[in-house]
Amino acid sequence: MQKFDAIRPYYDSEVNEGIRACLNNPMMKAIMNFTFPDVADEVWKEQLKRTHSIRDFQCNFIYESVQQVLKKSSESLTTSGFDKLEKNTSYLFISNHRDIILDTSLLNACLFDHGLVMTASAIGDNLVKKDFLLKLSKLNRNFLVQRGLPPRELLQSSKLMAEYIGQLLLRENRSVWIAQREGRTKDGNDATHSGVLKMLGMGSEELNLMDYFKKIKIVPVSISYEYDPTDALKMPQLMAEAKAETYVKEKNEDFITLLSGIIGQKKRIHIHVGDVLDKEIDALVVENDNNNKQTQALAQAIDDSILRSYKLWPTNYIAYDLLHKTNKYSSQYSEDEKSLFERRLELKIDAANEIMVEGFLSMYANPVVNKTKYENAI
């Protein structure tokens, strides 16, 4: 459908041409040499030339890249909840968002491992300004979220994206990944913005918005990294916000963050997929009588699911204790783990800058605070 051409990934009929346009790009060589370190360039080039679908590209190349990333920059990836999902069924995965590329790449690798429908995934067009990155994103079934538009154009763009997401889920049986908010969480406070749900609702042809949300099968996803590979890179923005200043990104900042997220140390990673929010939507319809209240209640239901299943690591408890100068959670970590975390703090953050130290520790400590609040509330 031509109306989606500005934002959609490649159709399979366009994949081979897209690959051939990237084949001799130095970045493609870097990716393939990283993914297949013992394979001659001509071998992977020939295999790429024989690739004619997004699925083949994802399964034979991107999946293998993700395995190399895990091997080189993490200790393990564990999962839970995937066995509750049905094969050949599309879902709308709404996820907390920590890393530009990895969040959705890891989810797709897990979906592939479990024989489930992989996702088309939202990506900000600010991240794919370079022609190669745009082509690569379209080969990896990303669709574009258009950023920085004036209000009227933003409304039109949001409606277009909502309609495209509905088309994928309901007509193409394609799962979709979207973050619970615009941009990554920088401070460890994972919260669903109701604006994301309002955008999704623009794709509804139903008279009742909640009926539509039930139809598209919303599944909250919680992803937890023991170490955030981009933790120090998030500090300048947090510093600006602490001083009530407008933060302006450096040139190539997104690209540097993207690379750091991929190759930076993560230690352990856990991904949990929650239940389809059917019963929750039924309950909030009974309790709330208008769309705004229902949308806010749905955002809270997504948050509840993500918080409930967020895996807290020793780093989270260490940061909490260091930030609050307490030993409250000392049973949750070893002295070695604490020393390692403190060493990371020393290497990455100027110890004389109290605001920066507090921001760094809060990023890791806030999930403890939020999960505790949630558990105390139920």
# chains A, B, ... in the order shown; residues from 1 in each chain; ligands from 1
$ select_by_dssp --residues "range 22-189 of chain A" --states "strand (DSSP E)" --output "ChimeraX atom specification"
/A:74-80,92-95,119-124,142-145,175-179
$ residues_around --residues "range 292-299 of chain A" --least-positions-apart "3" --cutoff "8 Å" --atoms "only C-alpha atoms" --output "list in words"
Thr192, His193, Ser194, Leu197, Lys198, Met210, Glu280, Ile281, Leu284, Val285, Asn288, Asp289, Ile302 and Asp303 of chain A
$ residues_around --residues "range 305-321 of chain A" --least-positions-apart "5" --cutoff "8 Å" --atoms "only C-alpha atoms" --output "PyMOL selection string"
chain A and resi 95-96+220-227+270+272+274+326-330+332-333+337-338+341+361-362+364-368+370-371+374-375
$ decode --residues "range 37-184 of chain A" --atoms "C-alpha atoms" --output "PDB file, in the first residue's frame"
ATOM      1  CA  PRO A  37      34.935 -13.792  12.107  1.00  0.00           C
ATOM      2  CA  ASP A  38      36.250 -16.973  10.481  1.00  0.00           C
ATOM      3  CA  VAL A  39      34.417 -16.631   7.160  1.00  0.00           C
ATOM      4  CA  ALA A  40      35.982 -15.072   4.040  1.00  0.00           C
ATOM      5  CA  ASP A  41      34.243 -11.941   2.736  1.00  0.00           C
ATOM      6  CA  GLU A  42      33.329 -13.567  -0.564  1.00  0.00           C
ATOM      7  CA  VAL A  43      31.416 -16.323   1.263  1.00  0.00           C
ATOM      8  CA  TRP A  44      29.035 -14.041   3.177  1.00  0.00           C
ATOM      9  CA  LYS A  45      28.734 -11.755   0.141  1.00  0.00           C
ATOM     10  CA  GLU A  46      27.574 -14.663  -2.006  1.00  0.00           C
ATOM     11  CA  GLN A  47      25.082 -15.751   0.637  1.00  0.00           C
ATOM     12  CA  LEU A  48      23.733 -12.197   0.916  1.00  0.00           C
ATOM     13  CA  LYS A  49      23.333 -12.039  -2.863  1.00  0.00           C
ATOM     14  CA  ARG A  50      21.113 -15.121  -2.633  1.00  0.00           C
ATOM     15  CA  THR A  51      18.878 -13.551   0.058  1.00  0.00           C
ATOM     16  CA  HIS A  52      15.418 -12.489  -1.131  1.00  0.00           C
ATOM     17  CA  SER A  53      13.318 -12.059   2.043  1.00  0.00           C
ATOM     18  CA  ILE A  54      13.463 -10.168   5.317  1.00  0.00           C
ATOM     19  CA  ARG A  55      12.989 -13.417   7.233  1.00  0.00           C
ATOM     20  CA  ASP A  56      16.022 -14.998   5.555  1.00  0.00           C
ATOM     21  CA  PHE A  57      18.082 -11.875   6.231  1.00  0.00           C
ATOM     22  CA  GLN A  58      17.019 -11.812   9.898  1.00  0.00           C
ATOM     23  CA  CYS A  59      17.449 -15.547  10.532  1.00  0.00           C
ATOM     24  CA  ASN A  60      20.720 -16.068   8.643  1.00  0.00           C
ATOM     25  CA  PHE A  61      22.488 -12.797   9.452  1.00  0.00           C
ATOM     26  CA  ILE A  62      20.880 -10.592  12.140  1.00  0.00           C
ATOM     27  CA  TYR A  63      20.156 -13.532  14.467  1.00  0.00           C
ATOM     28  CA  GLU A  64      23.809 -14.615  14.175  1.00  0.00           C
ATOM     29  CA  SER A  65      24.947 -11.029  14.863  1.00  0.00           C
ATOM     30  CA  VAL A  66      22.860 -10.975  18.058  1.00  0.00           C
ATOM     31  CA  GLN A  67      24.438 -14.279  19.175  1.00  0.00           C
ATOM     32  CA  GLN A  68      27.903 -12.764  18.720  1.00  0.00           C
ATOM     33  CA  VAL A  69      26.877  -9.647  20.675  1.00  0.00           C
ATOM     34  CA  LEU A  70      25.659 -11.868  23.532  1.00  0.00           C
ATOM     35  CA  LYS A  71      28.819 -13.983  23.420  1.00  0.00           C
ATOM     36  CA  LYS A  72      31.168 -10.983  23.525  1.00  0.00           C
ATOM     37  CA  SER A  73      29.322  -8.546  25.798  1.00  0.00           C
ATOM     38  CA  SER A  74      27.117 -10.533  28.184  1.00  0.00           C
ATOM     39  CA  GLU A  75      27.266 -13.479  30.549  1.00  0.00           C
ATOM     40  CA  SER A  76      23.790 -14.817  29.799  1.00  0.00           C
ATOM     41  CA  LEU A  77      20.349 -14.069  28.408  1.00  0.00           C
ATOM     42  CA  THR A  78      17.447 -15.631  30.299  1.00  0.00           C
ATOM     43  CA  THR A  79      13.758 -15.453  29.437  1.00  0.00           C
ATOM     44  CA  SER A  80      10.337 -16.126  30.905  1.00  0.00           C
ATOM     45  CA  GLY A  81       6.734 -16.005  29.692  1.00  0.00           C
ATOM     46  CA  PHE A  82       7.343 -16.924  26.041  1.00  0.00           C
ATOM     47  CA  ASP A  83       5.719 -20.342  26.460  1.00  0.00           C
ATOM     48  CA  LYS A  84       2.341 -18.600  27.033  1.00  0.00           C
ATOM     49  CA  LEU A  85       2.348 -17.062  23.551  1.00  0.00           C
ATOM     50  CA  GLU A  86       0.654 -18.864  20.662  1.00  0.00           C
ATOM     51  CA  LYS A  87       2.440 -19.739  17.441  1.00  0.00           C
ATOM     52  CA  ASN A  88       1.309 -18.065  14.207  1.00  0.00           C
ATOM     53  CA  THR A  89      -0.289 -15.284  16.244  1.00  0.00           C
ATOM     54  CA  SER A  90       0.525 -11.577  16.110  1.00  0.00           C
ATOM     55  CA  TYR A  91       0.940  -9.496  19.275  1.00  0.00           C
ATOM     56  CA  LEU A  92       1.607  -5.852  20.063  1.00  0.00           C
ATOM     57  CA  PHE A  93       4.642  -5.930  22.360  1.00  0.00           C
ATOM     58  CA  ILE A  94       4.878  -2.750  24.434  1.00  0.00           C
ATOM     59  CA  SER A  95       8.253  -2.700  26.128  1.00  0.00           C
ATOM     60  CA  ASN A  96      10.335  -0.703  28.539  1.00  0.00           C
ATOM     61  CA  HIS A  97      13.191   0.759  26.509  1.00  0.00           C
ATOM     62  CA  ARG A  98      16.829   0.909  27.585  1.00  0.00           C
ATOM     63  CA  ASP A  99      18.892   0.327  24.459  1.00  0.00           C
ATOM     64  CA  ILE A 100      18.325   1.696  20.938  1.00  0.00           C
ATOM     65  CA  ILE A 101      18.858  -1.500  18.960  1.00  0.00           C
ATOM     66  CA  LEU A 102      19.302  -4.343  21.431  1.00  0.00           C
ATOM     67  CA  ASP A 103      15.898  -4.289  23.131  1.00  0.00           C
ATOM     68  CA  THR A 104      14.024  -5.243  19.992  1.00  0.00           C
ATOM     69  CA  SER A 105      16.862  -7.369  18.518  1.00  0.00           C
ATOM     70  CA  LEU A 106      17.008  -9.548  21.636  1.00  0.00           C
ATOM     71  CA  LEU A 107      13.216  -9.882  21.761  1.00  0.00           C
ATOM     72  CA  ASN A 108      13.180 -11.016  18.125  1.00  0.00           C
ATOM     73  CA  ALA A 109      15.960 -13.551  18.750  1.00  0.00           C
ATOM     74  CA  CYS A 110      13.872 -14.974  21.621  1.00  0.00           C
ATOM     75  CA  LEU A 111      10.710 -15.056  19.498  1.00  0.00           C
ATOM     76  CA  PHE A 112      12.659 -16.910  16.776  1.00  0.00           C
ATOM     77  CA  ASP A 113      14.025 -19.399  19.343  1.00  0.00           C
ATOM     78  CA  HIS A 114      10.454 -20.120  20.518  1.00  0.00           C
ATOM     79  CA  GLY A 115       9.052 -20.474  16.975  1.00  0.00           C
ATOM     80  CA  LEU A 116       6.877 -17.357  17.330  1.00  0.00           C
ATOM     81  CA  VAL A 117       6.036 -14.512  14.939  1.00  0.00           C
ATOM     82  CA  MET A 118       8.862 -11.963  14.923  1.00  0.00           C
ATOM     83  CA  THR A 119       8.141  -8.246  15.045  1.00  0.00           C
ATOM     84  CA  ALA A 120       8.143  -5.208  12.856  1.00  0.00           C
ATOM     85  CA  SER A 121       9.752  -2.665  15.164  1.00  0.00           C
ATOM     86  CA  ALA A 122       9.420   1.090  15.551  1.00  0.00           C
ATOM     87  CA  ILE A 123      12.628   3.132  15.186  1.00  0.00           C
ATOM     88  CA  GLY A 124      13.078   6.910  15.287  1.00  0.00           C
ATOM     89  CA  ASP A 125      14.052   8.378  11.927  1.00  0.00           C
ATOM     90  CA  ASN A 126      16.723  10.392  13.766  1.00  0.00           C
ATOM     91  CA  LEU A 127      18.649   7.127  14.199  1.00  0.00           C
ATOM     92  CA  VAL A 128      18.823   6.294  10.507  1.00  0.00           C
ATOM     93  CA  LYS A 129      19.992   9.534   8.905  1.00  0.00           C
ATOM     94  CA  LYS A 130      22.845   7.707   7.170  1.00  0.00           C
ATOM     95  CA  ASP A 131      21.682   5.987   3.982  1.00  0.00           C
ATOM     96  CA  PHE A 132      23.279   2.661   4.959  1.00  0.00           C
ATOM     97  CA  LEU A 133      21.533   2.635   8.350  1.00  0.00           C
ATOM     98  CA  LEU A 134      18.187   3.424   6.718  1.00  0.00           C
ATOM     99  CA  LYS A 135      18.597   0.525   4.280  1.00  0.00           C
ATOM    100  CA  LEU A 136      19.735  -1.815   7.072  1.00  0.00           C
ATOM    101  CA  SER A 137      16.732  -0.848   9.219  1.00  0.00           C
ATOM    102  CA  LYS A 138      14.364  -1.555   6.300  1.00  0.00           C
ATOM    103  CA  LEU A 139      16.042  -4.948   5.800  1.00  0.00           C
ATOM    104  CA  ASN A 140      15.504  -5.675   9.506  1.00  0.00           C
ATOM    105  CA  ARG A 141      11.759  -4.918   9.360  1.00  0.00           C
ATOM    106  CA  ASN A 142      11.915  -1.554  11.136  1.00  0.00           C
ATOM    107  CA  PHE A 143       9.302   1.092  10.417  1.00  0.00           C
ATOM    108  CA  LEU A 144      10.022   4.772  10.967  1.00  0.00           C
ATOM    109  CA  VAL A 145       8.724   7.029  13.707  1.00  0.00           C
ATOM    110  CA  GLN A 146       9.022  10.515  12.237  1.00  0.00           C
ATOM    111  CA  ARG A 147      10.508  12.907  14.802  1.00  0.00           C
ATOM    112  CA  GLY A 148      10.690  16.676  15.116  1.00  0.00           C
ATOM    113  CA  LEU A 149       7.600  17.514  13.052  1.00  0.00           C
ATOM    114  CA  PRO A 150       5.372  20.588  13.530  1.00  0.00           C
ATOM    115  CA  PRO A 151       2.101  19.838  15.398  1.00  0.00           C
ATOM    116  CA  ARG A 152      -0.180  19.388  12.361  1.00  0.00           C
ATOM    117  CA  GLU A 153       2.310  17.148  10.519  1.00  0.00           C
ATOM    118  CA  LEU A 154       2.981  15.230  13.741  1.00  0.00           C
ATOM    119  CA  LEU A 155      -0.725  14.450  14.042  1.00  0.00           C
ATOM    120  CA  GLN A 156      -0.855  13.198  10.433  1.00  0.00           C
ATOM    121  CA  SER A 157       2.318  11.157  10.941  1.00  0.00           C
ATOM    122  CA  SER A 158       0.953   9.609  14.158  1.00  0.00           C
ATOM    123  CA  LYS A 159      -2.267   8.618  12.394  1.00  0.00           C
ATOM    124  CA  LEU A 160      -0.306   7.079   9.509  1.00  0.00           C
ATOM    125  CA  MET A 161       1.847   5.067  11.904  1.00  0.00           C
ATOM    126  CA  ALA A 162      -1.198   3.928  13.904  1.00  0.00           C
ATOM    127  CA  GLU A 163      -2.902   2.748  10.715  1.00  0.00           C
ATOM    128  CA  TYR A 164       0.258   0.936   9.635  1.00  0.00           C
ATOM    129  CA  ILE A 165       0.559  -0.832  13.004  1.00  0.00           C
ATOM    130  CA  GLY A 166      -3.098  -1.900  12.727  1.00  0.00           C
ATOM    131  CA  GLN A 167      -2.447  -3.148   9.174  1.00  0.00           C
ATOM    132  CA  LEU A 168       0.513  -5.234  10.370  1.00  0.00           C
ATOM    133  CA  LEU A 169      -1.276  -6.743  13.367  1.00  0.00           C
ATOM    134  CA  LEU A 170      -4.736  -7.391  11.943  1.00  0.00           C
ATOM    135  CA  ARG A 171      -4.197  -7.940   8.213  1.00  0.00           C
ATOM    136  CA  GLU A 172      -0.640  -9.216   7.845  1.00  0.00           C
ATOM    137  CA  ASN A 173      -0.497 -11.260  11.081  1.00  0.00           C
ATOM    138  CA  ARG A 174       2.793  -9.533  11.916  1.00  0.00           C
ATOM    139  CA  SER A 175       3.723  -8.809  15.525  1.00  0.00           C
ATOM    140  CA  VAL A 176       4.843  -5.269  16.374  1.00  0.00           C
ATOM    141  CA  TRP A 177       7.328  -3.917  18.937  1.00  0.00           C
ATOM    142  CA  ILE A 178       6.960  -0.396  20.253  1.00  0.00           C
ATOM    143  CA  ALA A 179       8.494   1.333  23.270  1.00  0.00           C
ATOM    144  CA  GLN A 180       6.250   2.421  26.134  1.00  0.00           C
ATOM    145  CA  ARG A 181       7.431   6.021  25.640  1.00  0.00           C
ATOM    146  CA  GLU A 182       9.255   8.154  23.092  1.00  0.00           C
ATOM    147  CA  GLY A 183      12.988   7.668  23.536  1.00  0.00           C
ATOM    148  CA  ARG A 184      14.876   5.452  25.926  1.00  0.00           C
TER     149      ARG A 184
END
